[in-house]
Structures are given as structure tokens and as C-alpha cells.
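Here is final-v3.pdb, consisting of PDB, C-alpha atoms and all ligand atoms:
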```
ATOM      1  CA  GLY C   1     137.552 120.938 107.759
ATOM      2  CA  ARG C   2     137.911 117.275 108.527
ATOM      3  CA  ALA C   3     138.318 114.494 106.002
ATOM      4  CA  ALA C   4     135.248 112.300 105.598
ATOM      5  CA  PRO C   5     135.679 108.987 107.443
ATOM      6  CA  PRO C   6     135.644 105.649 105.611
ATOM      7  CA  LEU C   7     132.151 104.466 104.572
ATOM      8  CA  ALA C   8     130.721 107.965 104.931
ATOM      9  CA  ALA C   9     129.851 107.815 101.228
ATOM     10  CA  LEU C  10     127.694 105.175  99.553
ATOM     11  CA  SER C  11     130.288 104.728  96.812
ATOM     12  CA  GLN C  12     132.621 103.321  99.477
ATOM     13  CA  VAL C  13     129.947 101.059 100.927
ATOM     14  CA  LEU C  14     129.090  99.661  97.510
ATOM     15  CA  ARG C  15     132.613  98.294  97.205
ATOM     16  CA  LEU C  16     132.113  96.004 100.200
ATOM     17  CA  GLU C  17     131.037  92.418  99.790
ATOM     18  CA  ARG C  18     127.295  91.846  99.948
ATOM     19  CA  SER C  19     126.768  90.768 103.531
ATOM     20  CA  ARG C  20     128.926  93.522 104.992
ATOM     21  CA  ARG C  21     127.172  96.038 102.738
ATOM     22  CA  THR C  22     123.737  94.930 104.000
ATOM     23  CA  GLY C  23     124.991  95.285 107.565
ATOM     24  CA  ILE C  24     126.039  98.865 106.917
ATOM     25  CA  VAL C  25     123.064 100.009 104.855
ATOM     26  CA  PHE C  26     120.278  97.949 106.494
ATOM     27  CA  PRO C  27     121.538  96.937 109.958
ATOM     28  CA  LEU C  28     118.084  95.868 111.117
ATOM     29  CA  GLN C  29     117.715  93.429 108.226
ATOM     30  CA  LYS C  30     121.078  91.982 109.045
ATOM     31  CA  LEU C  31     119.587  90.814 112.359
ATOM     32  CA  GLU C  32     116.669  89.001 110.727
ATOM     33  CA  ARG C  33     118.540  85.808 110.141
ATOM     34  CA  TYR C  34     119.140  85.363 113.861
ATOM     35  CA  LEU C  35     115.466  85.498 114.787
ATOM     36  CA  ALA C  36     113.366  82.449 115.566
ATOM     37  CA  PRO C  37     111.589  81.135 112.477
ATOM     38  CA  GLY C  38     108.136  82.632 112.141
ATOM     39  CA  THR C  39     109.034  85.915 113.890
ATOM     40  CA  ASP C  40     107.094  88.706 112.214
ATOM     41  CA  THR C  41     109.640  90.900 110.478
ATOM     42  CA  ALA C  42     107.198  93.092 108.534
ATOM     43  CA  ARG C  43     108.245  95.965 110.787
ATOM     44  CA  PHE C  44     111.863  95.553 109.729
ATOM     45  CA  ARG C  45     111.141  96.566 106.152
ATOM     46  CA  LEU C  46     108.588  99.353 106.135
ATOM     47  CA  PHE C  47     111.116 101.826 104.858
ATOM     48  CA  GLN C  48     113.382 100.063 102.438
ATOM     49  CA  PRO C  49     114.643 102.481  99.810
ATOM     50  CA  GLY C  50     116.474 101.442  96.695
ATOM     51  CA  LEU C  51     119.873 102.673  95.602
ATOM     52  CA  ALA C  52     118.483 105.634  93.649
ATOM     53  CA  ALA C  53     116.731 106.999  96.731
ATOM     54  CA  LEU C  54     119.788 106.442  98.932
ATOM     55  CA  GLN C  55     121.934 108.294  96.425
ATOM     56  CA  ARG C  56     119.488 111.129  96.125
ATOM     57  CA  ALA C  57     119.434 111.516  99.905
ATOM     58  CA  GLU C  58     123.217 111.453 100.059
ATOM     59  CA  ALA C  59     123.378 114.296  97.567
ATOM     60  CA  LEU C  60     121.332 116.414  99.992
ATOM     61  CA  PHE C  61     123.849 115.747 102.747
ATOM     62  CA  ARG C  62     126.860 116.514 100.550
ATOM     63  CA  SER C  63     127.758 120.164 100.352
ATOM     64  CA  ASP C  64     129.128 121.707  97.210
ATOM     65  CA  ARG C  65     128.968 124.916  95.254
ATOM     66  CA  GLY C  66     125.329 125.873  95.019
ATOM     67  CA  HIS C  67     124.350 123.598  97.891
ATOM     68  CA  SER C  68     125.575 124.653 101.282
ATOM     69  CA  ILE C  69     124.986 123.026 104.625
ATOM     70  CA  ASP C  70     125.346 125.485 107.452
ATOM     71  CA  TYR C  71     125.095 125.780 111.164
ATOM     72  CA  VAL C  72     122.593 128.617 111.457
ATOM     73  CA  SER C  73     122.223 129.508 115.112
ATOM     74  CA  SER C  74     121.641 128.373 118.646
ATOM     75  CA  ALA C  75     118.625 129.292 120.690
ATOM     76  CA  VAL C  76     117.554 128.892 124.273
ATOM     77  CA  ARG C  77     114.078 130.232 123.651
ATOM     78  CA  MET C  78     111.603 129.793 120.866
ATOM     79  CA  ASP C  79     111.593 133.481 119.949
ATOM     80  CA  HIS C  80     115.300 133.099 119.118
ATOM     81  CA  ALA C  81     114.689 130.198 116.754
ATOM     82  CA  PRO C  82     115.168 130.911 113.046
ATOM     83  CA  PRO C  83     111.977 131.484 111.050
ATOM     84  CA  PRO C  84     110.138 128.214 110.366
ATOM     85  CA  THR C  85     110.383 128.391 106.604
ATOM     86  CA  LEU C  86     111.653 124.924 105.678
ATOM     87  CA  PRO C  87     110.496 121.450 106.666
ATOM     88  CA  GLU C  88     112.325 120.513 109.853
ATOM     89  CA  VAL C  89     113.449 117.443 111.783
ATOM     90  CA  CYS C  90     114.799 117.377 115.318
ATOM     91  CA  PHE C  91     117.021 114.988 117.242
ATOM     92  CA  ILE C  92     116.512 114.429 120.941
ATOM     93  CA  GLY C  93     117.968 112.027 123.466
ATOM     94  CA  ARG C  94     119.656 111.589 126.817
ATOM     95  CA  SER C  95     123.067 113.165 127.315
ATOM     96  CA  ASN C  96     125.720 110.775 126.084
ATOM     97  CA  VAL C  97     123.355 108.762 123.904
ATOM     98  CA  GLY C  98     125.544 109.580 120.893
ATOM     99  CA  LYS C  99     123.537 112.458 119.447
ATOM    100  CA  SER C 100     126.414 114.743 118.454
ATOM    101  CA  SER C 101     128.311 111.793 117.025
ATOM    102  CA  LEU C 102     125.319 110.831 114.919
ATOM    103  CA  ILE C 103     124.720 114.347 113.639
ATOM    104  CA  ARG C 104     128.411 114.593 112.819
ATOM    105  CA  ALA C 105     128.147 111.301 110.918
ATOM    106  CA  LEU C 106     125.080 112.493 109.002
ATOM    107  CA  PHE C 107     126.980 115.647 108.012
ATOM    108  CA  SER C 108     130.307 113.933 107.388
ATOM    109  CA  LEU C 109     130.129 114.771 103.675
ATOM    110  CA  ALA C 110     129.961 118.440 104.601
ATOM    111  CA  PRO C 111     133.112 118.589 106.728
ATOM    112  CA  GLU C 112     132.913 122.355 107.142
ATOM    113  CA  VAL C 113     129.825 121.954 109.313
ATOM    114  CA  GLU C 114     130.696 122.207 112.950
ATOM    115  CA  VAL C 115     128.546 120.213 115.317
ATOM    116  CA  ARG C 116     129.045 121.892 118.642
ATOM    117  CA  VAL C 117     128.889 120.183 121.949
ATOM    118  CA  SER C 118     128.246 121.892 125.222
ATOM    119  CA  LYS C 119     128.850 119.363 127.907
ATOM    120  CA  THR C 120     130.078 121.510 130.710
ATOM    121  CA  PRO C 121     127.807 120.805 133.667
ATOM    122  CA  GLY C 122     125.695 123.802 134.472
ATOM    123  CA  HIS C 123     126.325 125.290 131.047
ATOM    124  CA  THR C 124     123.166 126.454 129.325
ATOM    125  CA  LYS C 125     121.961 123.922 126.851
ATOM    126  CA  LYS C 126     120.765 125.154 123.527
ATOM    127  CA  MET C 127     118.907 124.104 120.439
ATOM    128  CA  ASN C 128     121.293 124.148 117.470
ATOM    129  CA  PHE C 129     119.822 124.752 114.021
ATOM    130  CA  PHE C 130     121.406 123.504 110.795
ATOM    131  CA  LYS C 131     120.203 124.412 107.342
ATOM    132  CA  VAL C 132     120.571 121.924 104.523
ATOM    133  CA  GLY C 133     120.484 124.044 101.387
ATOM    134  CA  LYS C 134     116.984 125.055 100.456
ATOM    135  CA  TYR C 135     115.626 121.651 101.457
ATOM    136  CA  PHE C 136     115.247 121.298 105.221
ATOM    137  CA  THR C 137     116.529 122.241 108.655
ATOM    138  CA  LEU C 138     117.839 119.848 111.280
ATOM    139  CA  VAL C 139     117.777 120.698 114.974
ATOM    140  CA  ASP C 140     120.075 119.280 117.603
ATOM    141  CA  MET C 141     118.059 119.559 120.815
ATOM    142  CA  PRO C 142     119.714 119.759 124.231
ATOM    143  CA  GLY C 143     120.502 116.395 125.770
ATOM    144  CA  TYR C 144     118.349 115.504 128.725
ATOM    145  CA  GLY C 145     119.150 113.471 131.759
ATOM    146  CA  TYR C 146     119.455 113.071 135.323
ATOM    147  CA  ARG C 147     120.665 116.592 136.114
ATOM    148  CA  ALA C 148     118.579 118.625 133.751
ATOM    149  CA  PRO C 149     115.168 117.136 133.150
ATOM    150  CA  GLN C 150     113.509 120.479 133.862
ATOM    151  CA  ASP C 151     115.503 122.472 131.297
ATOM    152  CA  PHE C 152     114.846 119.813 128.821
ATOM    153  CA  VAL C 153     111.150 119.567 129.457
ATOM    154  CA  GLU C 154     110.571 123.315 129.256
ATOM    155  CA  MET C 155     112.618 123.984 126.149
ATOM    156  CA  VAL C 156     111.611 120.852 124.310
ATOM    157  CA  GLU C 157     107.951 121.178 125.223
ATOM    158  CA  ALA C 158     107.797 124.699 123.881
ATOM    159  CA  TYR C 159     109.635 123.676 120.750
ATOM    160  CA  LEU C 160     107.436 120.658 120.060
ATOM    161  CA  GLN C 161     104.249 122.588 120.630
ATOM    162  CA  GLU C 162     105.144 125.666 118.636
ATOM    163  CA  ARG C 163     107.230 124.472 115.737
ATOM    164  CA  HIS C 164     104.713 124.032 112.951
ATOM    165  CA  ASN C 165     107.273 123.122 110.308
ATOM    166  CA  LEU C 166     108.491 120.137 112.384
ATOM    167  CA  LYS C 167     107.964 117.017 110.289
ATOM    168  CA  ARG C 168     109.475 114.360 112.521
ATOM    169  CA  THR C 169     111.283 113.934 115.818
ATOM    170  CA  PHE C 170     114.131 111.440 116.053
ATOM    171  CA  LEU C 171     114.342 110.034 119.559
ATOM    172  CA  LEU C 172     117.748 108.491 120.213
ATOM    173  CA  VAL C 173     117.960 105.523 122.547
ATOM    174  CA  ASP C 174     121.175 103.793 123.569
ATOM    175  CA  GLY C 175     121.242 100.455 121.743
ATOM    176  CA  VAL C 176     123.424  98.904 124.436
ATOM    177  CA  VAL C 177     121.217  99.676 127.435
ATOM    178  CA  GLY C 178     117.791 100.020 125.819
ATOM    179  CA  LEU C 179     114.947 102.246 127.039
ATOM    180  CA  GLN C 180     115.690 104.023 130.313
ATOM    181  CA  LYS C 181     113.417 105.897 132.689
ATOM    182  CA  THR C 182     114.407 109.252 131.201
ATOM    183  CA  ASP C 183     113.657 107.984 127.687
ATOM    184  CA  HIS C 184     110.113 107.320 128.844
ATOM    185  CA  ILE C 185     109.756 110.989 129.788
ATOM    186  CA  ALA C 186     110.449 111.859 126.160
ATOM    187  CA  VAL C 187     108.141 109.146 124.839
ATOM    188  CA  ASP C 188     105.324 110.308 127.129
ATOM    189  CA  MET C 189     105.770 113.895 126.005
ATOM    190  CA  LEU C 190     105.727 113.004 122.307
ATOM    191  CA  GLU C 191     102.687 110.811 122.815
ATOM    192  CA  GLU C 192     100.885 113.473 124.806
ATOM    193  CA  PHE C 193     101.468 116.048 122.069
ATOM    194  CA  GLY C 194     100.537 113.571 119.339
ATOM    195  CA  MET C 195     103.831 114.157 117.512
ATOM    196  CA  PRO C 196     105.109 111.742 114.885
ATOM    197  CA  TYR C 197     108.495 110.363 115.925
ATOM    198  CA  VAL C 198     111.021 107.664 115.199
ATOM    199  CA  MET C 199     113.241 105.705 117.566
ATOM    200  CA  VAL C 200     116.903 105.433 116.683
ATOM    201  CA  LEU C 201     119.073 102.894 118.515
ATOM    202  CA  THR C 202     122.619 104.216 118.791
ATOM    203  CA  LYS C 203     126.089 102.694 119.302
ATOM    204  CA  ILE C 204     125.094  99.339 117.863
ATOM    205  CA  ASP C 205     128.750  98.470 117.254
ATOM    206  CA  ARG C 206     129.121  98.284 121.026
ATOM    207  CA  ALA C 207     126.276  95.830 121.646
ATOM    208  CA  SER C 208     126.743  92.094 121.250
ATOM    209  CA  ARG C 209     124.356  90.551 118.781
ATOM    210  CA  GLY C 210     122.366  88.948 121.613
ATOM    211  CA  VAL C 211     121.955  92.207 123.502
ATOM    212  CA  LEU C 212     121.050  94.087 120.351
ATOM    213  CA  LEU C 213     118.419  91.523 119.371
ATOM    214  CA  LYS C 214     116.914  91.571 122.838
ATOM    215  CA  ASN C 215     116.740  95.381 122.862
ATOM    216  CA  VAL C 216     115.340  95.564 119.334
ATOM    217  CA  LEU C 217     112.593  93.040 120.065
ATOM    218  CA  GLU C 218     111.720  94.588 123.431
ATOM    219  CA  ILE C 219     111.578  98.126 122.090
ATOM    220  CA  GLN C 220     109.658  97.032 119.024
ATOM    221  CA  GLU C 221     107.104  95.357 121.283
ATOM    222  CA  PHE C 222     106.925  98.447 123.487
ATOM    223  CA  VAL C 223     106.316 100.644 120.427
ATOM    224  CA  LYS C 224     103.601  98.314 119.182
ATOM    225  CA  GLU C 225     101.764  98.060 122.488
ATOM    226  CA  ASN C 226     102.242 101.504 124.004
ATOM    227  CA  THR C 227     102.626 104.151 121.343
ATOM    228  CA  GLN C 228     100.534 105.861 118.700
ATOM    229  CA  GLY C 229     102.971 108.301 117.153
ATOM    230  CA  CYS C 230     106.107 106.203 116.857
ATOM    231  CA  PHE C 231     107.094 104.823 113.454
ATOM    232  CA  PRO C 232     106.968 101.009 113.827
ATOM    233  CA  GLN C 233     110.362 100.438 112.232
ATOM    234  CA  LEU C 234     113.358 101.064 114.481
ATOM    235  CA  PHE C 235     116.488 102.639 113.023
ATOM    236  CA  LEU C 236     119.812 101.195 114.160
ATOM    237  CA  VAL C 237     122.983 103.242 113.861
ATOM    238  CA  SER C 238     126.667 103.221 114.608
ATOM    239  CA  SER C 239     128.431 106.512 114.106
ATOM    240  CA  VAL C 240     131.757 104.693 114.299
ATOM    241  CA  GLU C 241     131.064 102.062 111.641
ATOM    242  CA  PHE C 242     128.527 104.159 109.734
ATOM    243  CA  SER C 243     125.876 101.466 109.959
ATOM    244  CA  GLY C 244     122.404 102.829 109.415
ATOM    245  CA  VAL C 245     123.631 106.355 108.687
ATOM    246  CA  HIS C 246     122.869 106.167 104.956
ATOM    247  CA  LEU C 247     119.393 104.813 105.632
ATOM    248  CA  LEU C 248     118.760 107.522 108.207
ATOM    249  CA  ARG C 249     119.807 110.232 105.741
ATOM    250  CA  CYS C 250     117.315 108.739 103.337
ATOM    251  CA  PHE C 251     114.519 108.702 105.911
ATOM    252  CA  VAL C 252     115.205 112.338 106.779
ATOM    253  CA  ALA C 253     115.013 113.195 103.066
ATOM    254  CA  HIS C 254     111.749 111.253 102.852
ATOM    255  CA  VAL C 255     109.981 112.819 105.841
ATOM    256  CA  THR C 256     111.007 116.325 104.786
ATOM    257  CA  GLY C 257     109.389 115.742 101.392
ATOM    258  CA  ASN C 258     112.657 115.608  99.495
ATOM    259  CA  LEU C 259     112.298 112.159  97.934
ATOM    260  CA  PRO C 260     109.790 111.287  95.265
ATOM    261  CA  THR C 261     107.400 108.880  97.041
ATOM    262  CA  VAL C 262     107.875 106.093  94.530
ATOM    263  CA  GLU C 263     111.535 105.925  95.382
ATOM    264  CA  ALA C 264     110.952 105.751  99.110
ATOM    265  CA  SER C 265     109.031 102.506  99.282
TER     266      SER C 265
HETATM  267  P1  LIG C 301     125.752 113.120 123.098
HETATM  268  O1  LIG C 301     125.939 113.585 124.499
HETATM  269  O2  LIG C 301     124.429 112.447 122.932
HETATM  270  O3  LIG C 301     125.985 114.168 122.068
HETATM  271  O4  LIG C 301     126.809 111.930 122.887
HETATM  272  P2  LIG C 301     128.186 111.886 122.071
HETATM  273  O5  LIG C 301     127.941 111.880 120.611
HETATM  274  O6  LIG C 301     129.110 112.921 122.594
HETATM  275  O7  LIG C 301     128.688 110.428 122.488
HETATM  276  C1  LIG C 301     128.860 110.043 123.826
HETATM  277  C2  LIG C 301     129.971 108.997 123.892
HETATM  278  O8  LIG C 301     129.594 107.833 123.166
HETATM  279  C3  LIG C 301     131.282 109.450 123.281
HETATM  280  O9  LIG C 301     132.327 108.922 124.039
HETATM  281  C4  LIG C 301     131.262 108.862 121.892
HETATM  282  O10 LIG C 301     132.555 108.623 121.385
HETATM  283  C5  LIG C 301     130.523 107.575 122.119
HETATM  284  N1  LIG C 301     129.776 107.173 120.915
HETATM  285  C6  LIG C 301     128.858 107.917 120.261
HETATM  286  N2  LIG C 301     128.348 107.249 119.211
HETATM  287  C7  LIG C 301     128.968 106.049 119.193
HETATM  288  C8  LIG C 301     128.885 104.886 118.353
HETATM  289  O11 LIG C 301     128.117 104.818 117.375
HETATM  290  N3  LIG C 301     129.669 103.823 118.668
HETATM  291  C9  LIG C 301     130.516 103.847 119.726
HETATM  292  N4  LIG C 301     131.247 102.752 119.965
HETATM  293  N5  LIG C 301     130.639 104.916 120.531
HETATM  294  C10 LIG C 301     129.871 105.997 120.281
END
```

Could you quickly redo this structure as C-alpha cells?
Amino acid sequence: GRAAPPLAALSQVLRLERSRRTGIVFPLQKLERYLAPGTDTARFRLFQPGLAALQRAEALFRSDRGHSIDYVSSAVRMDHAPPPTLPEVCFIGRSNVGKSSLIRALFSLAPEVEVRVSKTPGHTKKMNFFKVGKYFTLVDMPGYGYRAPQDFVEMVEAYLQERHNLKRTFLLVDGVVGLQKTDHIAVDMLEEFGMPYVMVLTKIDRASRGVLLKNVLEIQEFVKENTQGCFPQLFLVSSVEFSGVHLLRCFVAHVTGNLPTVEAS
């Protein structure tokens, strides 16, 4: 196993001074102060859990005796997927968007969990299933892109249409470059199927504040004007600095029904 990186645990984040702490736990709110006065920021705070909820979510992502987090299996076809017994979330995104890094960051308090990557070109891409105790399953979907849109579309379409325990899809978008043509394929598919999903902007440590603000505002506007199923609040993450990872754990706990509702709002 690996050692958990710094700031992987809330207890470490709580030791930081206030402004840095806000930047790590609520990266979107950190941007608010740079917006023009009068900008509507209601969408920045729809999901704003308190410390108790964040801690409760963290406990789900921390393995210990009596609570194991396990890689279950990989599947190329739906009939190889594990039985749909627990609430489930899935993560999708273009190859290289930072999906494995984010899943590794989410599971960093369970260092025995191995997040596999299959990047060899031409290598069959699979859906990887992880089981978080008796609470939920998390699926790492194959990365899509340029070379493999067809694989992606077929496997992901079947999954999205058939997986009745799927509670939410997390669509990862590169925070440095914003929405790309291939991201729109995923958005169109989710919209067509009427699936609830969330957009997660990755690698925010790499974007300058100006670029990040521009992308956040543009994507937020796109979501408002062009989507039905997308949660209006964007989630910003850096798997390197751990920004947004705690909040994302909490949102996963929430959408899988593992947080008391009073704590989530
Ligand atoms: P995947 O193909 O979507 O699974 O992408 P990876 O997680 O393998 O990441 C692709 C590349 O982006 C790798 O070189 C990562 O080190 C880098 N990367 C991923 N997440 C972050 C991040 O949050 N910040 C920075 N700076 N780099 C990242």
C-alpha cells in the first residue's frame, strides 16, 4: 500500500489557515471574490455541507476493519458487471482528463485499493467496479477520445441504459481547456437518456485563475442554457492539491443516500 498524501484527510486540512482551507474544501467559493459585483453565485452554493457531513463522508472512504473498500472486477460487457445491489455512481471522461488520478485521490484513505489504468493504445478498455463497504459502488468507465469514440459509445450507452442502480454520473472535464467536442458527445448522450449527472472540472491547480474563471462561467452558462439533467453546481478538483476532493466525497455520499439529508444542505 501507499501512504496517504498530505491533505488527503480532513484533519490535515483543518490545520490550515482559513483562506487556504476554503480553497481546498470549497474551491468554487474561493473564486467568488474575483467575480464582478452582482454576478449570481447562487449556483456556487447549492451543495454546501457542514463539517459533520464532510467527516461522515470521509469515514465512508476510509477503510478499516469492518469496512473494506475493494476493487471488485472489470467488465467489457454488461452481463459481466457485478449484480446491481448497491447504489452506484460512475465516472466518465476523455482519456487523460485526470480520471484515474481523481479516483485514486478519492480512495487515498484506502491505500490498498488499486486503481488500474489501461492506457496501451488498442488495449481493450474496461469498466472497473469498486465496492465501498455495504454502502455504494463506484465505476471507473473507459476513457473516451479521439481514437475510441465507438467503444466508448457502445459500452457506456449500454451501461447507462441498463444500470438501474446508477444514482449519478460524474462527467469529468479538463479545467484547463474547458468543454471539448468529445465532451459534448457525452453530454448529448446523458441528455438523450435523461440521466442525472454532474460536471467535474479537473486539474484546477494547472489553470491560472483567469482561465479557471472563464471556464467556470462558460460551462456554468452552457449547463444553464443547454442541459436538463446536469446539476447546476460545478465541482472543481485538483488531485495533486486535493482541492475539491473532500467535497466530492461528500456529494458521492449524498447522492448514494449515505448522508442524512439535513446534513447535506
Ligand atoms: P485519465 O486518462 O483520465 O485516467 O488521466 P490520468 O489520471 O492518468 O491523468 C492524466 C495526466 O494528467 C497525468 O499526467 C496526471 O499526472 C495528470 N493529472 C491528473 N490529475 C491532475 C491534477 O489534478 N493536477 C495536475 N497538475 N495534473 C493532473

Return as a Markdown table the residues of chain C lying at most 6 Å from ligand LIG 301 (chain C), together with the closest atom-to-atom pair for each and the distance in Å to one decimal, counting only C-alpha atoms and all ligand atoms, with rows in chain order and ascending residue number.
```
| residue | atom | partner | partner_atom | distance |
| --- | --- | --- | --- | --- |
| C:Ser95 | CA | C:LIG301 | O1 | 4.0 |
| C:Asn96 | CA | C:LIG301 | O1 | 3.2 |
| C:Val97 | CA | C:LIG301 | O2 | 4.0 |
| C:Gly98 | CA | C:LIG301 | O4 | 3.3 |
| C:Lys99 | CA | C:LIG301 | O2 | 3.6 |
| C:Ser100 | CA | C:LIG301 | O3 | 3.7 |
| C:Ser101 | CA | C:LIG301 | O5 | 3.6 |
| C:Thr202 | CA | C:LIG301 | O11 | 5.7 |
| C:Lys203 | CA | C:LIG301 | O11 | 3.5 |
| C:Asp205 | CA | C:LIG301 | N3 | 5.6 |
| C:Arg206 | CA | C:LIG301 | N4 | 5.1 |
| C:Ser238 | CA | C:LIG301 | O11 | 3.5 |
| C:Ser239 | CA | C:LIG301 | O11 | 3.7 |
| C:Val240 | CA | C:LIG301 | O11 | 4.8 |
```

Can you spit out the residues from that selection as a compact mmCIF listing (two decimals), keeping the file's coordinate frame, using C-alpha atoms?
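The resulting file, out.txt, is shown below:
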```txt
# COMPACT_ATOMS: atom_id res chain seq x y z
CA SER C 95 123.07 113.16 127.32
CA ASN C 96 125.72 110.78 126.08
CA VAL C 97 123.36 108.76 123.90
CA GLY C 98 125.54 109.58 120.89
CA LYS C 99 123.54 112.46 119.45
CA SER C 100 126.41 114.74 118.45
CA SER C 101 128.31 111.79 117.02
CA THR C 202 122.62 104.22 118.79
CA LYS C 203 126.09 102.69 119.30
CA ASP C 205 128.75 98.47 117.25
CA ARG C 206 129.12 98.28 121.03
CA SER C 238 126.67 103.22 114.61
CA SER C 239 128.43 106.51 114.11
CA VAL C 240 131.76 104.69 114.30
```

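Taking only C-alpha atoms, the non-local environment of region 75-84 of chain C within 9 Å (same-chain residues fewer than 4 positions away omitted) comprises Glu88, Thr124, Lys125, Lys126, Met127, Asn128, Phe129, Thr137, Met155, Ala158, Tyr159, Glu162, Arg163, His164, Asn165 and Leu166 of chain C.
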
Each side padded by 5 Å, which centre and which edge lengths in Å (one decimal) define the axis-aligned box around the listed atoms of region 171-182 of chain C? Give them as lines of an AutoDock Vina configuration file.
```
center_x = 118.4
center_y = 104.5
center_z = 126.1
size_x = 20.0
size_y = 21.1
size_z = 23.1
```

Item checked: Counting only C-alpha atoms, the residue of C:Val153, C:Ala36, C:Val252, C:Ala9 that sits nearest Pro87 (chain C) -> C:Val252

Margin query: Between CA of Ile103 (chain C) and CA of Val216 (chain C), what is the distance in Å, rounded to a tenth?
Written below: 21.8 Å

Item checked: d(CA of Gly143 (chain C), CA of Tyr71 (chain C)) in Å ->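 Those two atoms sit 18.0 Å apart.
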
Item checked: Expansion of the PyMOL selection byres (((chain C and resi 29) around 12) and not hetatm) into residues, as JSON, numbers by chain -> {"C": [19, 20, 21, 22, 23, 24, 25, 26, 27, 28, 30, 31, 32, 33, 34, 35, 41, 42, 43, 44, 45, 46, 47, 48, 213, 216, 233, 234, 235, 236, 243, 244, 247]}

Notebook entry, point to check: From the list C:Val132, C:Met141, C:Val211, C:Met199, which residue is nearest Glu58 (chain C) when using all atoms listed in the file?
Noted result: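 Among the listed residues, the smallest separation from Glu58 (chain C) belongs to C:Val132.
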
Check: Which is closer to Glu241 (chain C) than all the others in C:Ile204, C:Val72, C:Arg116, C:Val173, using only C-alpha atoms?
Finding: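 Going through C:Ile204, C:Val72, C:Arg116, C:Val173 one by one, the smallest distance to Glu241 (chain C) is for C:Ile204.
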